[in-house]
Amino acid sequence: MSRRATLIAVACLACVRYQPRPIDPAVHPAEVRARTLGDSVLVARVARFAGAPQRDRWTDRQLAVAALHLRSDLRRLRAEWRAAGAAVRSAGERPGVGAQGELERRVGGANDASPWVVAVGGLFALELGGKRGARLQAARAGVAVAESRLLSAAWSAAADARMAAAELVRTAGEADDARAEVRLLEEVHTLEGTRYAEAALGASDLARTATDIQTARLSVAEADHAALRARAALARALALPLRAVELLETRMTSTEGCRTLDSIGADSIVIRAVGRRQEVTLALGEYAAAESRLRREVARQYPDLELRSGFIWDQGVHRWTLALALPGLLGGRNRGAIRQADATREVAALAVAEVQDSVQADVEDAIQQCRGVALELGAADSVIGAASRQVERERSAYQRGETSRLEPARAELQLLRAERARRRAQRGLDIASLELERAGGTPGLPRGAWPDPREEPEEEAAGP
């Protein structure tokens with residue numbers, strides 16, 4: 001009896017016990033509110049992959065690594081990927097062995113034999129039709145889909161952070177340029193006031209410049225508004241509270257996007273994007289999952305073989321038994337589920353083509369954006385050249401005493417506007433390059449220079 005109790009106790013200890021883990025909804029928001037870019041663990045990880053950031057000056061690539069460290073959606077997708085890996089192990093498990101017992105007692109008839117009948121047997125199930133292989137294929141396809149979702153989300157998070165940083169650079173530069181134009185307009189207005197007092201300038205010119213000053217001040221307010229929104233978008237992309245980026249100054253690293261058009265060519269970029277974009281990999285993984293579901297439904301039309309082998313003690317007579325069973329032998333052969341899985345596979349195949357079309361359109365759109373910005377840069381350079389020559393002429397005339405200081409100031413205003421247009425086009429080129437890198441599926445860093453999205457930040461820190 002003690003031996004039997006020991007076996008029961010060992011079997012109970014081998015079972016996994018349920019452990020509740022309630023969630024406090026107030027914990028995570030408090031952690032997010034306490035986040036800063038000065039966190040030592042975050043700074044160390046960013047320094048490992050994108051160089052050590054300065055206190056309040058971060059590059060777009062450094063912010064991208066920070067986003068990969070902070071984003072909660074990436075942690076969830078990593079958990080889903082690990083869960084999909086655990087599903088492979090459970091999918092490969094074979095049906096367990098069971099046991100069955102029966103007890104009978106005769107209540108009538110002759111009493112020359114024992115009235116008891118005792119039967120003990122083991123139950124075995126053999127899967128037919130390749131069901132286990134189909135389950136394993138489906139589970140492995142689930143791993144591929146989960147991994148593709150994780151990698152796609154990680155690349156999108158990095159690209160969103162870099163784009164938000166570029167937008168903040170653009171809006172902050174627009175605000176600075178607008179303020180510089182206001183200052184120069186005010187200087188021109190002061191000079192015009194002097195000329196007006198000398199009766200050398202009409203009131204309409206003075207009023208026109210005053211209107212230009214108000215318009216420029218409106219541009220400053222609009223640029224500041226855009227900068228505030230860009231800063232909020234950056235905080236959102238990094239999963240940080242807004243106060244953590246209020247004093248942050250961003251700067252752009254060199255991007256290869258638009259520069260690759262001359263060396264690689266548009267067609268090569270399109271072909272490479274179709275092979276690199278995680279959206280295509282995800283669509284192919286979902287097609288593999290649909291394929292495995294069809295295989296699983298086809299396998300289910302074959303019945304499983306159930307075996308029972310046992311011992312019967314029948315009123316003093318000992319007997320060994322072996323029984324076979326094919327449940328579901330005369331079923332509907334699973335035709336409806338097979339047709340549904342086949343149709344789902346066709347939908348998944350069409351989804352692959354749809355994603356490939358979308359990727360090609362994204363790349364071509366980004367290429368046209370690069371070409372358009374290049375045209376703006378060329379035109380801005382021509383305007384700057386003409387405005388610079390005009391400034392030199394007006395300054396020379398002023399130095400010779402032929403004109404007043406007003407004429408060189410007006411020429412300098414035109415030059416400032418031309419330079420502002422060129423800086424706007426240059427910042428647009430940075431954004432267009434990022435768009436082309438995103439559309440082309442290129443991370444903008446050498447292979448291995450990005451953190452592995454499949455590893456938790458704590459695991460990377462503990463690694464070699």
# chains A, B, ... in the order shown; residues from 1 in each chain; ligands from 1
>>> closest_atom_pairs(of="range 241-295 of chain A", to="range 350-363 of chain A", cutoff="12 Å", atoms="only C-alpha atoms", output="JSON lines")
{"residue": "A:Gly257", "atom": "CA", "partner": "A:Val363", "partner_atom": "CA", "distance": 10.9}
{"residue": "A:Cys258", "atom": "CA", "partner": "A:Val363", "partner_atom": "CA", "distance": 11.3}
{"residue": "A:Leu261", "atom": "CA", "partner": "A:Val363", "partner_atom": "CA", "distance": 11.4}
{"residue": "A:Gly265", "atom": "CA", "partner": "A:Val363", "partner_atom": "CA", "distance": 11.7}
{"residue": "A:Ala266", "atom": "CA", "partner": "A:Val363", "partner_atom": "CA", "distance": 8.4}
{"residue": "A:Asp267", "atom": "CA", "partner": "A:Val363", "partner_atom": "CA", "distance": 9.6}
{"residue": "A:Ser268", "atom": "CA", "partner": "A:Val363", "partner_atom": "CA", "distance": 10.6}
{"residue": "A:Ile269", "atom": "CA", "partner": "A:Val363", "partner_atom": "CA", "distance": 7.5}
{"residue": "A:Val270", "atom": "CA", "partner": "A:Gln360", "partner_atom": "CA", "distance": 5.8}
{"residue": "A:Ile271", "atom": "CA", "partner": "A:Gln360", "partner_atom": "CA", "distance": 8.2}
{"residue": "A:Arg272", "atom": "CA", "partner": "A:Gln360", "partner_atom": "CA", "distance": 10.0}
{"residue": "A:Ala273", "atom": "CA", "partner": "A:Val359", "partner_atom": "CA", "distance": 7.0}
{"residue": "A:Val274", "atom": "CA", "partner": "A:Gln356", "partner_atom": "CA", "distance": 6.2}
{"residue": "A:Gly275", "atom": "CA", "partner": "A:Gln356", "partner_atom": "CA", "distance": 9.3}
{"residue": "A:Arg276", "atom": "CA", "partner": "A:Val359", "partner_atom": "CA", "distance": 10.0}
{"residue": "A:Arg277", "atom": "CA", "partner": "A:Val359", "partner_atom": "CA", "distance": 7.6}
{"residue": "A:Gln278", "atom": "CA", "partner": "A:Val359", "partner_atom": "CA", "distance": 10.1}
{"residue": "A:Glu279", "atom": "CA", "partner": "A:Val355", "partner_atom": "CA", "distance": 6.9}
{"residue": "A:Val280", "atom": "CA", "partner": "A:Val355", "partner_atom": "CA", "distance": 6.1}
{"residue": "A:Thr281", "atom": "CA", "partner": "A:Val352", "partner_atom": "CA", "distance": 8.9}
{"residue": "A:Leu282", "atom": "CA", "partner": "A:Val352", "partner_atom": "CA", "distance": 8.8}
{"residue": "A:Ala283", "atom": "CA", "partner": "A:Val352", "partner_atom": "CA", "distance": 5.2}
{"residue": "A:Leu284", "atom": "CA", "partner": "A:Val352", "partner_atom": "CA", "distance": 6.3}
{"residue": "A:Gly285", "atom": "CA", "partner": "A:Val352", "partner_atom": "CA", "distance": 9.5}
{"residue": "A:Glu286", "atom": "CA", "partner": "A:Val352", "partner_atom": "CA", "distance": 8.8}
{"residue": "A:Tyr287", "atom": "CA", "partner": "A:Val352", "partner_atom": "CA", "distance": 7.7}
{"residue": "A:Ala288", "atom": "CA", "partner": "A:Val352", "partner_atom": "CA", "distance": 10.9}
{"residue": "A:Ala290", "atom": "CA", "partner": "A:Ala351", "partner_atom": "CA", "distance": 11.5}
>>> select_by_dssp(residues="range 212-404 of chain A", states="helix (DSSP H, G or I)", output="NGL selection string")
:A and (212-238 or 242-244 or 260-264 or 266-276 or 278-299 or 335-399)
>>> residues_around(residues="Glu174 in chain A", least_positions_apart="6", cutoff="8 Å", atoms="only C-alpha atoms", output="list in words")
Val220, Ala223 and Arg424 of chain A
>>> write_last_selection(atoms="C-alpha atoms", output="mmCIF file, in the first residue's frame")
data_model
loop_
_atom_site.group_PDB
_atom_site.id
_atom_site.type_symbol
_atom_site.label_atom_id
_atom_site.label_comp_id
_atom_site.auth_asym_id
_atom_site.auth_seq_id
_atom_site.Cartn_x
_atom_site.Cartn_y
_atom_site.Cartn_z
ATOM 1 C CA VAL A 220 6.843 81.096 -37.623
ATOM 2 C CA ALA A 223 6.362 76.069 -38.114
ATOM 3 C CA ARG A 424 13.833 72.883 -47.364
#
>>> closest_residue(among="A:Glu376, A:Asp212, A:Glu167, A:Glu392", to="Ala421 in chain A", atoms="only C-alpha atoms")
A:Glu376
>>> residues_around(residues="Arg229 in chain A", least_positions_apart="4", cutoff="10 Å", atoms="only C-alpha atoms", output="ChimeraX atom specification")
/A:164,167-168,171,223-225,233-235
>>> write_last_selection(atoms="N, CA and C atoms", output="tab-separated table (two decimals), in the first residue's frame")
chain	number	residue	atom	x	y	z
A	164	ALA	N	10.27	60.09	-37.80
A	164	ALA	CA	9.85	61.11	-36.83
A	164	ALA	C	11.00	62.05	-36.50
A	167	GLU	N	11.41	64.38	-39.42
A	167	GLU	CA	10.34	65.38	-39.43
A	167	GLU	C	10.59	66.46	-38.39
A	168	LEU	N	11.13	66.07	-37.24
A	168	LEU	CA	11.45	67.07	-36.23
A	168	LEU	C	12.58	67.98	-36.71
A	171	THR	N	10.91	70.41	-39.31
A	171	THR	CA	10.05	71.46	-38.74
A	171	THR	C	10.86	72.45	-37.90
A	223	ALA	N	5.21	76.96	-38.24
A	223	ALA	CA	6.36	76.07	-38.11
A	223	ALA	C	6.51	75.56	-36.68
A	224	ASP	N	6.29	76.44	-35.72
A	224	ASP	CA	6.36	76.01	-34.32
A	224	ASP	C	5.28	74.97	-34.01
A	225	HIS	N	4.09	75.19	-34.56
A	225	HIS	CA	3.01	74.20	-34.39
A	225	HIS	C	3.42	72.86	-34.97
A	233	ALA	N	4.95	63.23	-32.14
A	233	ALA	CA	5.04	62.01	-32.95
A	233	ALA	C	6.30	61.22	-32.63
A	234	LEU	N	7.40	61.91	-32.37
A	234	LEU	CA	8.64	61.23	-31.99
A	234	LEU	C	8.47	60.52	-30.65
A	235	ALA	N	7.84	61.19	-29.68
A	235	ALA	CA	7.60	60.55	-28.39
A	235	ALA	C	6.74	59.30	-28.56
>>> residues_around(residues="Arg135 in chain A", least_positions_apart="3", cutoff="9 Å", atoms="only C-alpha atoms", output="PyMOL selection string")
chain A and resi 88+91-92+130-132+138-140+292-293+295-296
>>> residues_around(residues="range 114-118 of chain A", least_positions_apart="6", cutoff="7 Å", atoms="only C-alpha atoms", output="list of chain:residue names")
A:Glu102, A:Leu103, A:Glu104, A:Arg105, A:Arg106, A:Ile312, A:Trp313, A:Asp314, A:Gln315, A:Gly316
>>> atom_distance(atom1="CA of Leu416 in chain A", atom2="CA of Leu185 in chain A")
10.5 Å
>>> residues_around(residues="Arg75 in chain A", least_positions_apart="2", cutoff="10 Å", atoms="only C-alpha atoms", output="PDB file with C-alpha atoms, in the first residue's frame")
ATOM      1  CA  LEU A  68      13.485  48.771 -30.588  1.00  0.00           C
ATOM      2  CA  HIS A  69      14.347  48.754 -26.885  1.00  0.00           C
ATOM      3  CA  LEU A  70      11.224  50.516 -25.596  1.00  0.00           C
ATOM      4  CA  ARG A  71       8.278  49.495 -27.765  1.00  0.00           C
ATOM      5  CA  SER A  72       5.756  47.250 -25.995  1.00  0.00           C
ATOM      6  CA  ASP A  73       4.341  45.872 -29.241  1.00  0.00           C
ATOM      7  CA  LEU A  77       5.309  39.935 -30.776  1.00  0.00           C
ATOM      8  CA  ARG A  78       8.393  38.295 -29.282  1.00  0.00           C
ATOM      9  CA  ALA A  79       6.114  36.518 -26.811  1.00  0.00           C
ATOM     10  CA  GLU A  80       3.861  35.396 -29.667  1.00  0.00           C
ATOM     11  CA  TRP A  81       6.895  34.072 -31.551  1.00  0.00           C
ATOM     12  CA  LEU A 150       7.987  40.420 -35.353  1.00  0.00           C
ATOM     13  CA  PRO A 453      14.409  41.831 -32.674  1.00  0.00           C
ATOM     14  CA  ARG A 454      13.989  38.214 -31.593  1.00  0.00           C
ATOM     15  CA  GLU A 455      16.065  38.749 -28.454  1.00  0.00           C
ATOM     16  CA  GLU A 456      14.899  40.583 -25.395  1.00  0.00           C
ATOM     17  CA  PRO A 457      17.063  43.597 -24.485  1.00  0.00           C
TER      18      PRO A 457
END
>>> closest_residue(among="A:Glu127, A:Glu306, A:Asp39, A:Glu407", to="Gly98 in chain A", atoms="only C-alpha atoms")
A:Glu306
>>> closest_residue(among="A:Leu242, A:Asp262, A:Ala134, A:Ala146", to="Leu294 in chain A", atoms="only C-alpha atoms")
A:Ala134
>>> closest_residue(among="A:Gly142, A:Pro408, A:Gly428, A:Gly336", to="Glu291 in chain A", atoms="only C-alpha atoms")
A:Gly142
>>> atom_distance(atom1="CA of Arg389 in chain A", atom2="CA of Glu192 in chain A")
22.5 Å
>>> atom_distance(atom1="CA of Met252 in chain A", atom2="CA of Arg423 in chain A")
13.5 Å
>>> closest_residue(among="A:Ala50, A:Ala366, A:Ile213, A:Ile338", to="Leu184 in chain A", atoms="only C-alpha atoms")
A:Ile213
